[in-house]
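Here is the file entry-v4.csv (CSV, C-alpha atoms and all ligand atoms).
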chain,number,residue,atom,x,y,z
O,1,MET,CA,-15.2,-16.7,-17.9
O,2,ASN,CA,-14.1,-13.5,-16.1
O,3,ILE,CA,-11.6,-13.9,-13.4
O,4,PRO,CA,-11.3,-10.9,-11.1
O,5,PHE,CA,-7.9,-10.2,-9.5
O,6,LEU,CA,-9.6,-10.4,-6.1
O,7,ASP,CA,-13.3,-11.0,-5.2
O,8,LEU,CA,-14.0,-10.0,-1.6
O,9,ASN,CA,-17.7,-10.9,-1.9
O,10,ARG,CA,-16.7,-14.5,-1.7
O,11,THR,CA,-15.4,-14.1,1.8
O,12,HIS,CA,-17.9,-11.4,2.9
O,13,ARG,CA,-21.2,-12.9,1.6
O,14,PRO,CA,-21.2,-16.0,4.0
O,15,LEU,CA,-20.6,-13.6,6.9
O,16,ARG,CA,-23.3,-11.1,5.8
O,17,GLU,CA,-25.9,-12.0,8.5
O,18,ALA,CA,-23.4,-12.1,11.3
O,19,LEU,CA,-21.9,-8.8,10.2
O,20,LEU,CA,-25.3,-7.0,9.9
O,21,LYS,CA,-26.3,-8.3,13.3
O,22,GLN,CA,-23.1,-6.8,14.8
O,23,PHE,CA,-23.7,-3.5,13.0
O,24,ALA,CA,-27.3,-3.4,14.3
O,25,GLU,CA,-26.1,-4.1,17.9
O,26,HIS,CA,-23.4,-1.5,17.4
O,27,PHE,CA,-25.9,1.2,16.3
O,28,ASP,CA,-27.2,2.0,19.8
O,29,LYS,CA,-23.9,1.7,21.6
O,30,ASN,CA,-22.3,5.0,20.8
O,31,ASP,CA,-18.9,3.2,20.9
O,32,PHE,CA,-16.9,4.6,18.1
O,33,ILE,CA,-13.2,4.7,18.7
O,34,LEU,CA,-10.8,2.5,20.8
O,35,GLY,CA,-13.9,0.8,22.3
O,36,LYS,CA,-14.6,-2.6,23.8
O,37,ALA,CA,-14.3,-4.5,20.5
O,38,VAL,CA,-10.8,-2.9,19.9
O,39,GLU,CA,-9.6,-4.1,23.3
O,40,GLU,CA,-11.0,-7.6,22.6
O,41,PHE,CA,-9.5,-7.7,19.1
O,42,GLU,CA,-6.1,-6.5,20.4
O,43,LYS,CA,-6.0,-9.5,22.7
O,44,GLU,CA,-7.2,-11.9,20.0
O,45,PHE,CA,-4.9,-10.9,17.2
O,46,ALA,CA,-1.9,-10.7,19.5
O,47,THR,CA,-2.7,-14.2,20.8
O,48,TYR,CA,-3.1,-15.4,17.2
O,49,CYS,CA,0.4,-14.0,16.3
O,50,GLY,CA,1.8,-15.4,19.6
O,51,THR,CA,2.8,-12.0,21.1
O,52,ALA,CA,2.2,-10.7,24.5
O,53,TYR,CA,0.7,-7.4,23.3
O,54,GLY,CA,-1.3,-6.0,20.4
O,55,ILE,CA,-2.2,-2.4,19.6
O,56,GLY,CA,-4.9,-1.3,17.1
O,57,VAL,CA,-4.0,1.7,15.0
O,58,ALA,CA,-5.3,3.6,12.0
O,59,ASN,CA,-3.4,1.9,9.2
O,60,GLY,CA,-0.3,-0.1,8.3
O,61,LEU,CA,1.8,3.0,7.4
O,62,GLN,CA,1.2,4.5,10.8
O,63,ALA,CA,1.8,1.2,12.5
O,64,LEU,CA,5.3,1.3,11.1
O,65,GLU,CA,5.7,5.0,12.0
O,66,LEU,CA,4.5,4.6,15.6
O,67,ILE,CA,6.9,1.8,16.2
O,68,LEU,CA,9.8,3.9,14.9
O,69,LYS,CA,8.7,6.9,17.1
O,70,ALA,CA,8.4,4.7,20.2
O,71,MET,CA,11.9,3.5,19.5
O,72,ASN,CA,13.1,7.1,19.4
O,73,ILE,CA,14.2,6.7,15.8
O,74,GLY,CA,14.2,10.1,14.0
O,75,PRO,CA,16.4,12.7,12.3
O,76,GLN,CA,20.1,11.6,11.9
O,77,ASP,CA,19.1,8.0,12.1
O,78,GLU,CA,19.2,5.3,9.4
O,79,VAL,CA,16.9,2.4,8.9
O,80,ILE,CA,17.8,-0.5,6.5
O,81,THR,CA,15.1,-1.9,4.3
O,82,VAL,CA,14.6,-3.5,0.9
O,83,ALA,CA,14.3,-1.9,-2.5
O,84,ASN,CA,11.4,-4.0,-3.7
O,85,THR,CA,8.5,-3.1,-1.4
O,86,PHE,CA,5.4,-1.0,-1.3
O,87,HIS,CA,6.0,2.7,-0.9
O,88,ALA,CA,4.7,2.7,2.7
O,89,THR,CA,7.8,0.9,4.1
O,90,PRO,CA,10.3,3.7,3.2
O,91,ALA,CA,7.6,6.4,3.6
O,92,ALA,CA,7.2,5.5,7.3
O,93,ILE,CA,11.0,5.8,7.8
O,94,TYR,CA,10.9,9.2,6.0
O,95,ALA,CA,7.9,10.3,8.0
O,96,VAL,CA,9.8,10.1,11.3
O,97,GLY,CA,12.7,12.1,9.8
O,98,ALA,CA,15.1,9.1,9.4
O,99,ARG,CA,16.8,8.0,6.2
O,100,PRO,CA,15.8,4.8,4.4
O,101,ILE,CA,18.9,2.8,3.4
O,102,LEU,CA,18.1,0.2,0.8
O,103,VAL,CA,19.5,-3.2,-0.1
O,104,ASP,CA,18.6,-5.6,-2.9
O,105,THR,CA,16.2,-8.6,-2.8
O,106,LYS,CA,16.8,-12.2,-3.7
O,107,GLU,CA,15.0,-15.0,-5.6
O,108,ASP,CA,12.2,-15.5,-3.0
O,109,PHE,CA,11.5,-11.7,-3.2
O,110,THR,CA,12.6,-11.0,0.4
O,111,ILE,CA,15.6,-8.9,1.6
O,112,ASP,CA,19.0,-10.4,0.8
O,113,THR,CA,20.5,-10.7,4.3
O,114,SER,CA,24.0,-11.1,2.9
O,115,LEU,CA,23.9,-7.4,1.9
O,116,ILE,CA,22.8,-5.9,5.2
O,117,GLU,CA,26.0,-5.7,7.2
O,118,SER,CA,27.8,-3.8,4.4
O,119,VAL,CA,25.4,-0.8,4.8
O,120,ILE,CA,25.4,-0.6,8.6
O,121,THR,CA,26.9,2.7,9.8
O,122,PRO,CA,27.1,4.3,13.3
O,123,LYS,CA,23.8,6.0,12.3
O,124,THR,CA,21.9,2.7,11.8
O,125,LYS,CA,19.2,2.1,14.3
O,126,ALA,CA,17.0,-0.6,12.9
O,127,ILE,CA,16.4,-3.1,10.2
O,128,MET,CA,12.9,-3.2,8.6
O,129,PRO,CA,12.4,-6.5,6.7
O,130,VAL,CA,9.3,-6.9,4.6
O,131,HIS,CA,7.5,-10.2,4.5
O,132,LEU,CA,6.6,-9.5,0.9
O,133,TYR,CA,3.6,-11.3,-0.8
O,134,GLY,CA,3.0,-13.4,2.4
O,135,GLN,CA,6.4,-15.1,2.8
O,136,VAL,CA,8.6,-14.3,5.9
O,137,CYS,CA,12.2,-13.1,5.5
O,138,ASP,CA,15.2,-14.9,6.8
O,139,MET,CA,14.5,-13.9,10.3
O,140,ASP,CA,17.2,-15.9,12.1
O,141,GLU,CA,20.0,-14.2,10.1
O,142,ILE,CA,18.3,-10.8,10.5
O,143,MET,CA,18.0,-11.2,14.3
O,144,ASN,CA,21.7,-12.3,14.5
O,145,ILE,CA,22.9,-9.3,12.6
O,146,ALA,CA,20.7,-7.0,14.7
O,147,LYS,CA,22.1,-8.6,17.9
O,148,ARG,CA,25.7,-8.1,16.7
O,149,HIS,CA,25.2,-4.5,15.9
O,150,ASN,CA,22.6,-3.6,18.6
O,151,LEU,CA,19.8,-2.7,16.2
O,152,TYR,CA,16.0,-3.0,16.4
O,153,VAL,CA,14.2,-5.2,14.0
O,154,ILE,CA,10.7,-4.0,12.9
O,155,GLU,CA,8.8,-6.5,10.8
O,156,ASP,CA,6.7,-5.1,8.0
O,157,ALA,CA,4.1,-7.8,8.2
O,158,CYS,CA,1.5,-5.8,6.3
O,159,GLN,CA,1.2,-8.7,3.7
O,160,SER,CA,1.7,-11.7,6.0
O,161,HIS,CA,-1.2,-12.3,8.4
O,162,GLY,CA,-0.7,-15.8,9.6
O,163,SER,CA,2.5,-16.5,7.8
O,164,MET,CA,5.0,-18.8,9.6
O,165,TYR,CA,8.7,-19.0,10.0
O,166,LYS,CA,9.8,-22.2,11.8
O,167,ASN,CA,7.2,-22.5,14.5
O,168,LYS,CA,6.4,-18.8,14.9
O,169,ARG,CA,4.1,-16.5,13.2
O,170,ALA,CA,4.9,-13.3,11.4
O,171,GLY,CA,4.6,-10.5,14.0
O,172,ASN,CA,6.4,-12.5,16.6
O,173,LEU,CA,9.9,-12.6,15.1
O,174,GLY,CA,11.4,-9.2,15.7
O,175,HIS,CA,11.1,-6.5,18.4
O,176,ALA,CA,7.8,-5.2,16.9
O,177,ALA,CA,5.7,-5.7,13.8
O,178,ALA,CA,3.3,-3.7,11.7
O,179,PHE,CA,0.2,-5.1,10.1
O,180,SER,CA,-2.3,-3.5,7.7
O,181,PHE,CA,-6.0,-4.3,7.5
O,182,TYR,CA,-6.6,-2.6,4.2
O,183,PRO,CA,-9.6,-4.4,2.8
O,184,GLY,CA,-7.7,-6.5,0.2
O,185,LYS,CA,-5.3,-8.0,2.8
O,186,ASN,CA,-5.6,-11.6,3.9
O,187,LEU,CA,-7.3,-10.1,7.0
O,188,GLY,CA,-9.0,-6.9,5.9
O,189,ALA,CA,-11.4,-4.4,7.5
O,190,PHE,CA,-14.3,-2.5,5.9
O,191,GLY,CA,-12.0,0.5,5.5
O,192,ASP,CA,-8.5,1.4,6.9
O,193,GLY,CA,-7.0,-0.3,9.9
O,194,GLY,CA,-3.6,-1.3,11.3
O,195,PHE,CA,-2.0,-3.2,14.1
O,196,ILE,CA,1.2,-3.5,16.1
O,197,THR,CA,2.5,-6.6,17.8
O,198,THR,CA,5.3,-6.7,20.3
O,199,ASN,CA,6.5,-8.6,23.4
O,200,ASP,CA,8.0,-5.4,24.9
O,201,ALA,CA,5.8,-3.9,27.6
O,202,ASN,CA,7.5,-0.5,27.6
O,203,LEU,CA,7.2,-0.3,23.8
O,204,MET,CA,3.5,-1.2,24.0
O,205,ASN,CA,2.8,1.4,26.7
O,206,LYS,CA,4.5,4.1,24.7
O,207,ILE,CA,2.8,3.2,21.4
O,208,LYS,CA,-0.6,3.2,23.1
O,209,MET,CA,0.1,6.8,24.3
O,210,ILE,CA,1.5,8.0,21.0
O,211,ARG,CA,-1.5,6.7,19.0
O,212,ASN,CA,-3.8,8.8,21.2
O,213,TYR,CA,-2.1,12.3,21.3
O,214,GLY,CA,0.5,11.2,23.8
O,215,GLN,CA,-2.0,10.9,26.6
O,216,SER,CA,-1.3,8.8,29.7
O,217,LYS,CA,-4.8,9.6,30.8
O,218,LYS,CA,-7.5,11.9,29.5
O,219,TYR,CA,-6.0,15.4,28.8
O,220,CYS,CA,-2.6,14.5,30.4
O,221,HIS,CA,-0.3,14.6,27.4
O,222,ASP,CA,3.0,13.3,28.7
O,223,ILE,CA,4.6,13.0,25.3
O,224,LEU,CA,3.9,14.3,21.8
O,225,GLY,CA,1.6,11.9,20.0
O,226,VAL,CA,-0.6,11.7,17.0
O,227,ASN,CA,-4.2,10.5,16.2
O,228,SER,CA,-3.8,6.9,14.9
O,229,ARG,CA,-6.7,5.0,16.5
O,230,LEU,CA,-8.6,1.9,15.3
O,231,ASP,CA,-12.4,2.4,15.0
O,232,THR,CA,-14.6,0.2,17.2
O,233,LEU,CA,-16.7,-0.8,14.1
O,234,GLN,CA,-13.5,-1.9,12.2
O,235,ALA,CA,-12.5,-4.0,15.2
O,236,THR,CA,-16.0,-5.6,15.2
O,237,VAL,CA,-15.5,-6.6,11.6
O,238,LEU,CA,-12.0,-7.9,12.2
O,239,ARG,CA,-13.1,-9.9,15.3
O,240,LEU,CA,-15.7,-11.6,13.2
O,241,LYS,CA,-13.3,-12.4,10.3
O,242,LEU,CA,-10.2,-13.5,12.4
O,243,PRO,CA,-11.5,-17.1,13.2
O,244,HIS,CA,-11.7,-17.6,9.4
O,245,LEU,CA,-8.2,-16.4,8.5
O,246,ASP,CA,-6.5,-19.8,8.7
O,247,TYR,CA,-9.1,-21.4,6.5
O,248,TRP,CA,-8.9,-18.5,4.0
O,249,ASN,CA,-5.1,-18.8,3.9
O,250,SER,CA,-5.4,-22.6,3.3
O,251,GLN,CA,-7.7,-21.9,0.3
O,252,ARG,CA,-5.0,-19.5,-1.0
O,253,LYS,CA,-2.4,-22.2,-0.5
O,254,ASN,CA,-4.5,-24.8,-2.4
O,255,ILE,CA,-4.8,-22.5,-5.4
O,256,ALA,CA,-1.0,-21.7,-5.2
O,257,GLU,CA,-0.1,-25.4,-5.2
O,258,ARG,CA,-2.3,-25.9,-8.2
O,259,TYR,CA,-0.7,-23.0,-10.0
O,260,CYS,CA,2.9,-24.2,-9.1
O,261,ALA,CA,2.3,-27.7,-10.2
O,262,ALA,CA,0.9,-26.7,-13.6
O,263,LEU,CA,3.1,-23.7,-14.3
O,264,LYS,CA,6.5,-24.6,-13.0
O,265,ASP,CA,7.9,-25.5,-16.4
O,266,VAL,CA,6.3,-22.5,-18.2
O,267,VAL,CA,7.1,-19.5,-16.0
O,268,GLN,CA,9.2,-18.8,-12.8
O,269,VAL,CA,6.8,-19.7,-10.0
O,270,PRO,CA,7.3,-18.3,-6.4
O,271,MET,CA,10.2,-19.8,-4.5
O,272,ILE,CA,9.5,-21.0,-1.1
O,273,SER,CA,12.5,-20.7,1.3
O,274,LYS,CA,13.3,-23.3,4.0
O,275,ASP,CA,11.1,-23.4,7.1
O,276,ARG,CA,8.5,-21.0,5.7
O,277,ASP,CA,4.7,-21.3,5.5
O,278,HIS,CA,3.7,-18.8,2.7
O,279,ILE,CA,0.2,-17.4,2.9
O,280,TYR,CA,0.1,-16.1,-0.6
O,281,HIS,CA,-1.3,-12.6,-0.2
O,282,LEU,CA,-0.1,-12.4,-3.8
O,283,PHE,CA,0.9,-15.1,-6.2
O,284,VAL,CA,3.7,-13.6,-8.3
O,285,ILE,CA,5.2,-15.3,-11.3
O,286,ARG,CA,8.1,-14.1,-13.5
O,287,THR,CA,8.5,-14.0,-17.2
O,288,ASP,CA,10.3,-11.9,-19.8
O,289,LYS,CA,7.1,-11.7,-21.7
O,290,ARG,CA,5.2,-10.0,-18.8
O,291,GLU,CA,3.6,-7.2,-20.8
O,292,GLU,CA,2.4,-9.5,-23.6
O,293,LEU,CA,1.1,-12.1,-21.1
O,294,MET,CA,-0.7,-9.4,-19.1
O,295,HIS,CA,-2.4,-8.1,-22.2
O,296,TYR,CA,-3.3,-11.6,-23.5
O,297,LEU,CA,-4.9,-12.6,-20.1
O,298,LYS,CA,-6.9,-9.3,-20.1
O,299,GLU,CA,-8.3,-10.3,-23.5
O,300,LYS,CA,-9.3,-13.6,-22.0
O,301,GLY,CA,-11.1,-12.0,-19.1
O,302,ILE,CA,-8.4,-12.6,-16.5
O,303,ASP,CA,-7.2,-9.6,-14.4
O,304,SER,CA,-3.6,-9.5,-13.2
O,305,GLY,CA,-1.5,-6.9,-11.3
O,306,LEU,CA,2.1,-5.6,-10.8
O,307,HIS,CA,3.5,-5.5,-7.3
O,308,TYR,CA,5.5,-3.4,-7.9
O,309,PRO,CA,6.4,-2.1,-11.3
O,310,VAL,CA,9.0,0.5,-10.1
O,311,PRO,CA,11.4,-0.3,-7.2
O,312,ILE,CA,11.8,2.3,-4.4
O,313,HIS,CA,15.1,3.8,-5.6
O,314,LEU,CA,13.7,4.6,-9.0
O,315,GLN,CA,10.6,6.3,-7.7
O,316,LYS,CA,10.6,10.1,-8.1
O,317,ALA,CA,9.6,10.5,-4.4
O,318,PHE,CA,12.9,8.8,-3.3
O,319,GLU,CA,15.2,10.5,-5.9
O,320,TYR,CA,16.6,12.4,-2.9
O,321,LEU,CA,18.2,9.2,-1.6
O,322,GLY,CA,20.7,9.4,-4.6
O,323,TYR,CA,20.6,5.9,-5.8
O,324,SER,CA,20.9,5.4,-9.6
O,325,LYS,CA,19.6,2.8,-12.0
O,326,GLY,CA,21.6,-0.4,-11.6
O,327,ALA,CA,22.0,0.0,-7.9
O,328,PHE,CA,19.8,-3.0,-7.1
O,329,PRO,CA,19.8,-5.3,-10.1
O,330,LYS,CA,17.5,-8.0,-8.8
O,331,SER,CA,14.8,-5.5,-7.7
O,332,GLU,CA,15.0,-3.9,-11.1
O,333,LEU,CA,14.9,-7.2,-13.0
O,334,TYR,CA,11.9,-8.3,-10.9
O,335,ALA,CA,10.1,-5.0,-11.4
O,336,ASP,CA,10.3,-5.6,-15.1
O,337,THR,CA,9.3,-9.3,-15.1
O,338,ILE,CA,6.8,-10.0,-12.3
O,339,LEU,CA,3.1,-10.6,-12.8
O,340,SER,CA,0.6,-11.2,-10.0
O,341,ILE,CA,-2.2,-13.5,-11.1
O,342,PRO,CA,-5.6,-14.0,-9.3
O,343,ILE,CA,-5.6,-15.7,-6.0
O,344,PHE,CA,-8.3,-15.3,-3.3
O,345,PRO,CA,-10.3,-17.4,-0.9
O,346,GLY,CA,-13.3,-18.8,-2.6
O,347,MET,CA,-11.6,-19.0,-6.0
O,348,THR,CA,-12.6,-22.3,-7.6
O,349,ASP,CA,-10.3,-24.9,-9.1
O,350,ALA,CA,-12.1,-24.4,-12.4
O,351,GLU,CA,-11.2,-20.7,-12.3
O,352,ALA,CA,-7.6,-21.5,-11.4
O,353,ASP,CA,-7.5,-24.0,-14.3
O,354,TYR,CA,-8.9,-21.3,-16.6
O,355,VAL,CA,-6.0,-19.1,-15.7
O,356,ILE,CA,-3.5,-22.0,-16.0
O,357,ASN,CA,-4.7,-23.0,-19.4
O,358,HIS,CA,-4.6,-19.5,-20.8
O,359,ILE,CA,-1.0,-19.0,-19.5
O,360,LYS,CA,0.0,-22.3,-21.1
O,361,SER,CA,-1.7,-21.5,-24.4
O,362,PHE,CA,0.0,-18.1,-24.4
O,363,PHE,CA,3.5,-19.7,-24.2
O,364,ALA,CA,2.5,-22.5,-26.6
O,365,GLY,CA,1.5,-19.8,-29.1
O,366,SER,CA,-1.9,-21.4,-29.5
O,367,SER,CA,-4.7,-19.1,-28.3
O,368,ILE,CA,-7.7,-21.1,-26.8
T,1,LIG,C1,4.4,-4.0,2.5
T,1,LIG,C2,3.4,-3.0,3.0
T,1,LIG,N1,3.8,-2.1,4.0
T,1,LIG,C3,3.0,-1.2,4.4
T,1,LIG,C4,1.7,-1.0,3.9
T,1,LIG,C5,0.8,0.1,4.4
T,1,LIG,O1,-0.5,-0.3,4.9
T,1,LIG,P1,-1.7,0.7,4.8
T,1,LIG,O2,-2.1,0.8,3.4
T,1,LIG,O3,-2.7,0.1,5.7
T,1,LIG,O4,-1.2,2.0,5.3
T,1,LIG,C6,1.2,-1.9,2.9
T,1,LIG,C7,-0.1,-1.8,2.3
T,1,LIG,O5,-0.4,-2.1,1.2
T,1,LIG,C8,2.1,-2.9,2.4
T,1,LIG,O6,1.8,-3.8,1.4

Kindly return the structure encoded in the file as structure tokens.
Amino acid sequence: MNIPFLDLNRTHRPLREALLKQFAEHFDKNDFILGKAVEEFEKEFATYCGTAYGIGVANGLQALELILKAMNIGPQDEVITVANTFHATPAAIYAVGARPILVDTKEDFTIDTSLIESVITPKTKAIMPVHLYGQVCDMDEIMNIAKRHNLYVIEDACQSHGSMYKNKRAGNLGHAAAFSFYPGKNLGAFGDGGFITTNDANLMNKIKMIRNYGQSKKYCHDILGVNSRLDTLQATVLRLKLPHLDYWNSQRKNIAERYCAALKDVVQVPMISKDRDHIYHLFVIRTDKREELMHYLKEKGIDSGLHYPVPIHLQKAFEYLGYSKGAFPKSELYADTILSIPIFPGMTDAEADYVINHIKSFFAGSSI
């Protein structure tokens, strides 16, 4: 058997006819950017997340950047985030001229909220928690800290489409949130795409202007903006896929439960914190034998991945922040011991069992 890390054909093939019909209808419309489908999708995805407003943008990185810009966060300001995330999180903070301030993670791979207050300074303007791998951070604690210190909270929800905390979805837990529709995400476009959710009307209006060259109406540039718009065609794809998101997430959860039940005594399986509904964008195990296991699985036809092998503070690009090795011990330990194993909608139980059996045989020292 060959088990890919992710097989998007399994979600796209059943939608092929519907997608092609939409593309054909689209062909004659000359509706390319920020069109009707974008407006419709903005309403639909905001409603799905439970927020009053939604704004389609070009990608997840720029979703984060536009939120920061709309909050007037820039040079001289500091934004607190976590050391174990994808490059885009601190890159967005850097892009607006602010300084990323890092803190360590904890066993469930989300930001350790007990460390946040010790790095707050008069320059701190926001906290940017990352709902990594599809599990929401400790948002009550984060919102309480933010309230005490008068800070914004910007959710990096780029890996958590549909994930829940208590009775609310990711995207509806801070002052604004950023999503990515990179094709491999739980909700992905046929190219790049991004989204911002918020309940703040002023923020929404400002972000809508910034994403389109700062225009309040055509050729009236009230503020300096950028070009970060969602294509109509991408919105068409996303509108068609959104009604399937919960089902796809439930399929991921079924595979995750199967993995957890079978592997919990063999490796460290993901920890689910209280009041969370994890949507398993990634299923990340931990083992000291990560490199050997990865190699062994490859030989058996099973793809795996590393998310992420080098924490932010040890990346060359962020050397200028001045952190040294040892600064964030958990992030460093996890970077050396994590392994993401295949999980995707349409993955069969037999495929999951194949992965399980080979992981077990690796640790039993008995190749099958
Ligand atoms: C946690 C996180 N933040 C931000 C991004 C950026 O999204 P995009 O690739 O759409 O710019 C990603 C994308 O992988 C991500 O995983």

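For the set O:Ala18, O:Leu66, O:Met71, O:Leu187, the residue with the smallest atom-to-atom gap to Gly225 in chain O is O:Leu66, counting all atoms listed in the file.
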
For ligand LIG 1 (chain T), collect every residue having any atom at a distance of at most 8 Å from a ligand atom (counting all atoms listed in the file); output as a list in words. Ala58, Asn59, Gly60, Leu61, Gln62, Ala63, Leu64, Thr85, Phe86, His87, Ala88, Thr89, Val130, His131, Leu132, Asp156, Ala157, Cys158, Gln159, Ala178, Phe179, Ser180, Phe181, Tyr182, Lys185, Asp192, Gly193 and Gly194 of chain O

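Nearest-residue note for Cys49 in chain O: choosing from O:Ala37, O:Ala177, O:Val79, O:Ile3, the minimum distance belongs to O:Ala177, counting all atoms listed in the file.
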
Pull the closest atom pair for each residue of range 22-120 of chain O that gets at most 10 Å from range 266-271 of chain O, along with the distance in Å to one decimal, counting all atoms listed in the file, ordering rows by chain and then ascending residue number, as a tab-separated table.
residue	atom	partner	partner_atom	distance
O:Glu107	CA	O:Met271	CA	6.9
O:Asp108	CA	O:Met271	CA	5.0
O:Phe109	CA	O:Met271	CA	8.3

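Residues surrounding Arg290 in chain O within 7 Å are Thr287, Leu293, Met294, Thr337, Ile338 and Leu339 of chain O [all atoms listed in the file; sequence separation below 3 positions excluded].
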
Excluding Asp265 in chain O and its own-chain neighbours fewer than 5 positions away, which residues fall within 12 Å of it when counting only C-alpha atoms? Please give them as a PDB file with C-alpha atoms, keeping the file's coordinate frame.
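To be explicit, this is the file written out as result.pdb:
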ATOM      1  CA  TYR O 259      -0.700 -23.000 -10.000  1.00  0.00           C
ATOM      2  CA  CYS O 260       2.900 -24.200  -9.100  1.00  0.00           C
ATOM      3  CA  ILE O 285       5.200 -15.300 -11.300  1.00  0.00           C
ATOM      4  CA  ARG O 286       8.100 -14.100 -13.500  1.00  0.00           C
ATOM      5  CA  THR O 287       8.500 -14.000 -17.200  1.00  0.00           C
ATOM      6  CA  ILE O 356      -3.500 -22.000 -16.000  1.00  0.00           C
ATOM      7  CA  ILE O 359      -1.000 -19.000 -19.500  1.00  0.00           C
ATOM      8  CA  LYS O 360       0.000 -22.300 -21.100  1.00  0.00           C
ATOM      9  CA  PHE O 363       3.500 -19.700 -24.200  1.00  0.00           C
ATOM     10  CA  ALA O 364       2.500 -22.500 -26.600  1.00  0.00           C
TER      11      ALA O 364
END

With a distance cut-off of 12 Å and only C-alpha atoms, select the neighbouring residues of Phe344 in chain O, excluding the residue or stretch itself and same-chain residues fewer than 4 positions from it, and output the selection as a PyMOL selection string. chain O and resi 3-11+184-187+245+247-256+279-283+340+348-349+351-352

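Restricting the calculation to only C-alpha atoms, the smallest distance between Asn199 in chain O and any of O:Ala46, O:Ala91, O:Ile111, O:Leu230 is found for O:Ala46.
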
Interatomic distance between CA of Tyr48 in chain O and CA of Ile154 in chain O? 18.4 Å

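Nearest residue to Asn205 in chain O, choosing from O:Ala70, O:Pro14, O:His313, O:Val38 and counting all atoms listed in the file: O:Ala70.
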
Have a look at O:Met347, O:Leu224, O:Ala317, O:Ala98 and name the one nearest to Pro75 in chain O; count only C-alpha atoms. O:Ala98

To one decimal in Å, tell me the separation between CA of Gln22 in chain O and CA of Phe45 in chain O. 18.8 Å

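Across the model, the gap from CA of Asp275 in chain O to CA of Ile67 in chain O is 27.1 Å.
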
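Counting all atoms listed in the file, the residue from O:Met143, O:Ile312, O:Ile272, O:Leu102 that sits nearest to Asn172 in chain O is O:Met143.
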